[in-house]
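Enquirer: Can you read through this structure? Questions will come right after.
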Amino acid sequence: MSGHMILAIPEVAGLDAKSGLVRIPPELDVPLTERVRAIMDTAEFRRLARISQLGLVSLVYPAAIHTRFEHSLGVYRLALLLLKQLAYHSRFTQLVSAEEAELLIAAALLHDIGHWPFCHPIEEMHLPGVPTHERFAHRFVSETELAEVLRAYWRLDPQEIVDLLSGGVRVPSRRLLASILSGPIDIDKMDYLFRDSLHAGVPYGRNYDQQRLIGSFCLNAAGDGLAITDKGKTAAEMLIFARYVMFSEVYWHHGVRSATAMLQRAVYGVYQKLEWDRLLRLTEMEMIGQLQSAAADSPAEQLLQGLFGPKRRLYKRLAQISFLEMPDLYQRLAHRPYPWLVACADKLAELLSHHLRQPIQAYEILLDAPPVKKETPLMVDIWYRREGRFRPLSQASPVAQALAPEQFDDYVKRVRVFGHPRLLPLIAAPTLVQDLLAEAAQQVE
């Protein structure tokens with residue numbers, strides 16, 4: 001297949017158009033065709049305009065209220081730019097047909113369709129009966145108006161979108177497309193790091209050369225994933241570091257994690273009362289209302305009031321355990337199932353009550369720790385043209401080596417104990433909480 005066929009796809013050609021565009025931050029024009037508008041106008045996609053991308057992060061970074069709708073348009077635009085770049089690579093055009101390129105475009109637009117409000121904090125808990133957002137996407141794509149739009153406007157089988165989004169593909173060309181959406185370095189990460197940084201008002205996620213990185217993309221040796229040429233090595237290193245700093249300073253900021261711990265504990269207290277299939281289809285404000293109704297006259301109500309009530313009231317950090325300072329205790333607490341964390345926090349509340357000689361309720365002490373699943377490492381191969389060979393970025397880059405998968409989570413994420421604000425004056429030193437936490441962990445083993 002000729003690369004001209006990819007360049008002639010209406011959405012790709014629309015990158016150079018002067019009309020039929022919509023603008024998203026920061027001053028980026030996104031081409032809209034009739035079939036793209038047909039997807040955007042469905043109730044399922046419009047729902048994303050009422051789900052914030054970062055959820056609870058806005059309690060710490062007030063301007064981080066951008067939506068999954070905006071992010072989806074950003075990822076869609078990057079898919080077009082990537083196709084425009086790869087249209088000049090014969091290995092890509094020989095492998096990927098124009099129809100498959102259109103499949104990638106639709107999937108990029110719909111890559112977050114299965115997300116619900118506060119999706120990632122709730123997913124981390126692995127509650128019975130709560131699906132992953134990838135599995136939930138199947139219902140939105142296959143059982144709603146979206147399915148009709150994909151068939152009528154795009155001539156696509158909705159199941160093809162589902163398979164691509166879930167990674168359930170075996171054909172090399174489809175594995176390549178899936179890796180573009182979700183892989184070591186993908187268009188989803190490229191957009192959310194940049195966009196989250198922009199709206200949070202911090203520079204960290206934008207400190208990589210996005211244009212240079214896109215211009216360096218090629219296929220790996222197997223032809224089933226992306227690689228970069230040696231010209232993109234520095235841009236890839238900066239993306240890896242940008243991700244590290246965004247986790248450290250934004251996603252795992254102690255205030256953000258306090259809010260996350262409060263939400264998780266509240267949901268854990270009421271999840272058996274909730275109708276999850278219906279709940280996950282709601283917008284953010286609708287879900288908050290349902291959670292508050294379910295939590296009425298329970299300890300969870302106070303937690304939700306502190307997050308979503310008229311006055312913000314986040315729990316305070318009582319102690320922090322890092323891998324660097326207390327590796328043994330950290331490893332005992334990190335990557336534990338959520339029910340174990342609740343049991344450990346409850347035991348800690350009991351021990352603190354005894355030590356301080358005053359009652360402390362279980363819900364007044366929260367334990368936040370790195371979840372069971374670790375982050376995906378950003379490892380990619382580099383094509384060295386002069387040598388005529390690929391080398392792993394991990395071999396060629398000290399940055400990639402320093403932020404290897406076994407180190408990324410441990411150094412960027414910490415175990416933290418949060419407590420009701422009334423408890424802060426009672427805790428003379430964090431070492432007290434740390435010592436009692438070690439005892440609590442031993443007792444609940």
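Here's how to read the names in the structure tokens: chain A, B, ... by the order shown, residue numbers from 1 in each chain, ligand numbers from 1 in the order shown.
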Excluding region 185-187 of chain A and any residue of its chain fewer than 5 positions from it, enumerate the residues within 6 Å of it, using only C-alpha atoms, and give them as a PyMOL selection string.

Expert: chain A and resi 75+180+378

Enquirer: What does the file look like for those residues with N, CA and C atoms, as a CSV table (one decimal), in the first residue's frame?

Expert:
chain,number,residue,atom,x,y,z
A,75,VAL,N,-5.4,13.0,22.1
A,75,VAL,CA,-4.8,11.7,21.7
A,75,VAL,C,-5.1,11.4,20.2
A,180,ILE,N,0.6,1.5,19.8
A,180,ILE,CA,0.6,3.0,19.6
A,180,ILE,C,-0.3,3.6,20.6
A,378,LEU,N,8.9,2.6,30.6
A,378,LEU,CA,8.9,3.2,29.3
A,378,LEU,C,10.2,2.8,28.6

Enquirer: Any idea what's packed within 12 Å of Arg175 (chain A), counting only C-alpha atoms, ignoring anything in its chain fewer than 5 positions away? Could you give it as a PyMOL selection string?

Expert: chain A and resi 95-96+100+104+163-170+180-183+219-220+222-226

Enquirer: Got a sec: who's within 10 Å of Phe45 (chain A), counting only C-alpha atoms, leaving out chain neighbours fewer than 5 positions off, as a PyMOL selection string?

Expert: chain A and resi 38-40+50+68-69+72+109-110+112-114+140+146

Enquirer: Atoms to include: N, CA and C atoms. Write the selected residues as a PDB file, in the first residue's frame.

Expert:
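As written to disk, result.pdb reads:
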ATOM      1  N   ALA A  38     -19.760  12.605  14.361  1.00  0.00           N
ATOM      2  CA  ALA A  38     -20.796  11.624  14.691  1.00  0.00           C
ATOM      3  C   ALA A  38     -20.444  10.879  15.980  1.00  0.00           C
ATOM      4  N   ILE A  39     -19.163  10.559  16.171  1.00  0.00           N
ATOM      5  CA  ILE A  39     -18.725   9.931  17.426  1.00  0.00           C
ATOM      6  C   ILE A  39     -18.854  10.914  18.575  1.00  0.00           C
ATOM      7  N   MET A  40     -18.373  12.135  18.366  1.00  0.00           N
ATOM      8  CA  MET A  40     -18.361  13.132  19.433  1.00  0.00           C
ATOM      9  C   MET A  40     -19.754  13.498  19.908  1.00  0.00           C
ATOM     10  N   ARG A  50     -17.985  15.570  31.027  1.00  0.00           N
ATOM     11  CA  ARG A  50     -18.404  15.792  32.411  1.00  0.00           C
ATOM     12  C   ARG A  50     -17.694  14.837  33.365  1.00  0.00           C
ATOM     13  N   ARG A  68     -11.781  14.350  30.271  1.00  0.00           N
ATOM     14  CA  ARG A  68     -11.379  13.242  29.400  1.00  0.00           C
ATOM     15  C   ARG A  68     -11.821  13.501  27.957  1.00  0.00           C
ATOM     16  N   PHE A  69     -12.787  14.338  27.761  1.00  0.00           N
ATOM     17  CA  PHE A  69     -13.196  14.758  26.422  1.00  0.00           C
ATOM     18  C   PHE A  69     -12.036  15.486  25.740  1.00  0.00           C
ATOM     19  N   SER A  72      -9.145  13.121  25.045  1.00  0.00           N
ATOM     20  CA  SER A  72      -9.428  12.223  23.926  1.00  0.00           C
ATOM     21  C   SER A  72      -9.164  12.908  22.595  1.00  0.00           C
ATOM     22  N   LEU A 109      -9.661   8.108  19.341  1.00  0.00           N
ATOM     23  CA  LEU A 109     -10.725   8.992  19.813  1.00  0.00           C
ATOM     24  C   LEU A 109     -11.504   8.347  20.959  1.00  0.00           C
ATOM     25  N   LEU A 110     -11.625   7.023  20.922  1.00  0.00           N
ATOM     26  CA  LEU A 110     -12.445   6.298  21.892  1.00  0.00           C
ATOM     27  C   LEU A 110     -11.631   5.601  22.976  1.00  0.00           C
ATOM     28  N   ASP A 112     -10.547   6.300  25.812  1.00  0.00           N
ATOM     29  CA  ASP A 112     -10.954   6.488  27.212  1.00  0.00           C
ATOM     30  C   ASP A 112     -12.449   6.283  27.428  1.00  0.00           C
ATOM     31  N   ILE A 113     -13.134   5.709  26.457  1.00  0.00           N
ATOM     32  CA  ILE A 113     -14.589   5.650  26.527  1.00  0.00           C
ATOM     33  C   ILE A 113     -15.074   4.810  27.713  1.00  0.00           C
ATOM     34  N   GLY A 114     -14.275   3.859  28.172  1.00  0.00           N
ATOM     35  CA  GLY A 114     -14.684   3.027  29.290  1.00  0.00           C
ATOM     36  C   GLY A 114     -14.376   3.607  30.650  1.00  0.00           C
ATOM     37  N   PHE A 140     -19.808   0.109  26.357  1.00  0.00           N
ATOM     38  CA  PHE A 140     -20.079   1.396  25.716  1.00  0.00           C
ATOM     39  C   PHE A 140     -19.960   1.310  24.196  1.00  0.00           C
ATOM     40  N   LEU A 146     -22.926   4.237  19.877  1.00  0.00           N
ATOM     41  CA  LEU A 146     -21.589   4.226  19.287  1.00  0.00           C
ATOM     42  C   LEU A 146     -21.424   3.095  18.280  1.00  0.00           C
TER      43      LEU A 146
END

Enquirer: Report, in Å with one decimal, the straight-line distance from CA of Met287 (chain A) to CA of Val57 (chain A).

Expert: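 Between these atoms lies a distance of 17.0 Å.
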
Enquirer: Give me, as a PDB file with C-alpha atoms, in the first residue's frame, all polymer residues having an atom no more than 12 Å from Met246 (chain A), counting only C-alpha atoms and skipping those fewer than 5 positions away in the same chain.

Expert:
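around.pdb, written as the output of this step:
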ATOM      1  CA  VAL A  57      -5.963  16.399  41.768  1.00  0.00           C
ATOM      2  CA  LYS A 189       1.078   9.074  27.694  1.00  0.00           C
ATOM      3  CA  TYR A 192      -1.754  13.214  29.276  1.00  0.00           C
ATOM      4  CA  LEU A 193       1.697  14.144  30.570  1.00  0.00           C
ATOM      5  CA  PHE A 194       1.684  17.307  28.485  1.00  0.00           C
ATOM      6  CA  ARG A 195      -1.956  18.189  29.142  1.00  0.00           C
ATOM      7  CA  ASP A 196      -1.962  17.397  32.863  1.00  0.00           C
ATOM      8  CA  SER A 197       1.165  19.493  33.302  1.00  0.00           C
ATOM      9  CA  LEU A 198      -0.379  22.364  31.362  1.00  0.00           C
ATOM     10  CA  ALA A 200      -1.900  21.811  36.761  1.00  0.00           C
ATOM     11  CA  GLY A 201       0.308  24.827  36.100  1.00  0.00           C
ATOM     12  CA  VAL A 202       3.617  22.982  36.385  1.00  0.00           C
ATOM     13  CA  PRO A 203       6.310  22.626  33.691  1.00  0.00           C
ATOM     14  CA  TYR A 204       7.382  19.037  34.319  1.00  0.00           C
ATOM     15  CA  GLY A 205       5.209  17.118  31.835  1.00  0.00           C
ATOM     16  CA  ARG A 206       5.968  19.533  29.010  1.00  0.00           C
ATOM     17  CA  ASN A 207       9.744  19.352  29.253  1.00  0.00           C
ATOM     18  CA  MET A 238      13.054  13.600  28.589  1.00  0.00           C
ATOM     19  CA  LEU A 239       9.625  11.922  28.314  1.00  0.00           C
ATOM     20  CA  ILE A 240      10.721   9.251  30.792  1.00  0.00           C
ATOM     21  CA  PHE A 241      11.964  11.894  33.199  1.00  0.00           C
ATOM     22  CA  TYR A 251      -0.076  12.361  40.808  1.00  0.00           C
ATOM     23  CA  TRP A 252       1.532  11.280  44.110  1.00  0.00           C
ATOM     24  CA  HIS A 253       1.584  14.680  45.816  1.00  0.00           C
ATOM     25  CA  VAL A 412       8.293   7.989  43.243  1.00  0.00           C
ATOM     26  CA  LYS A 413       5.580   6.497  45.469  1.00  0.00           C
TER      27      LYS A 413
END
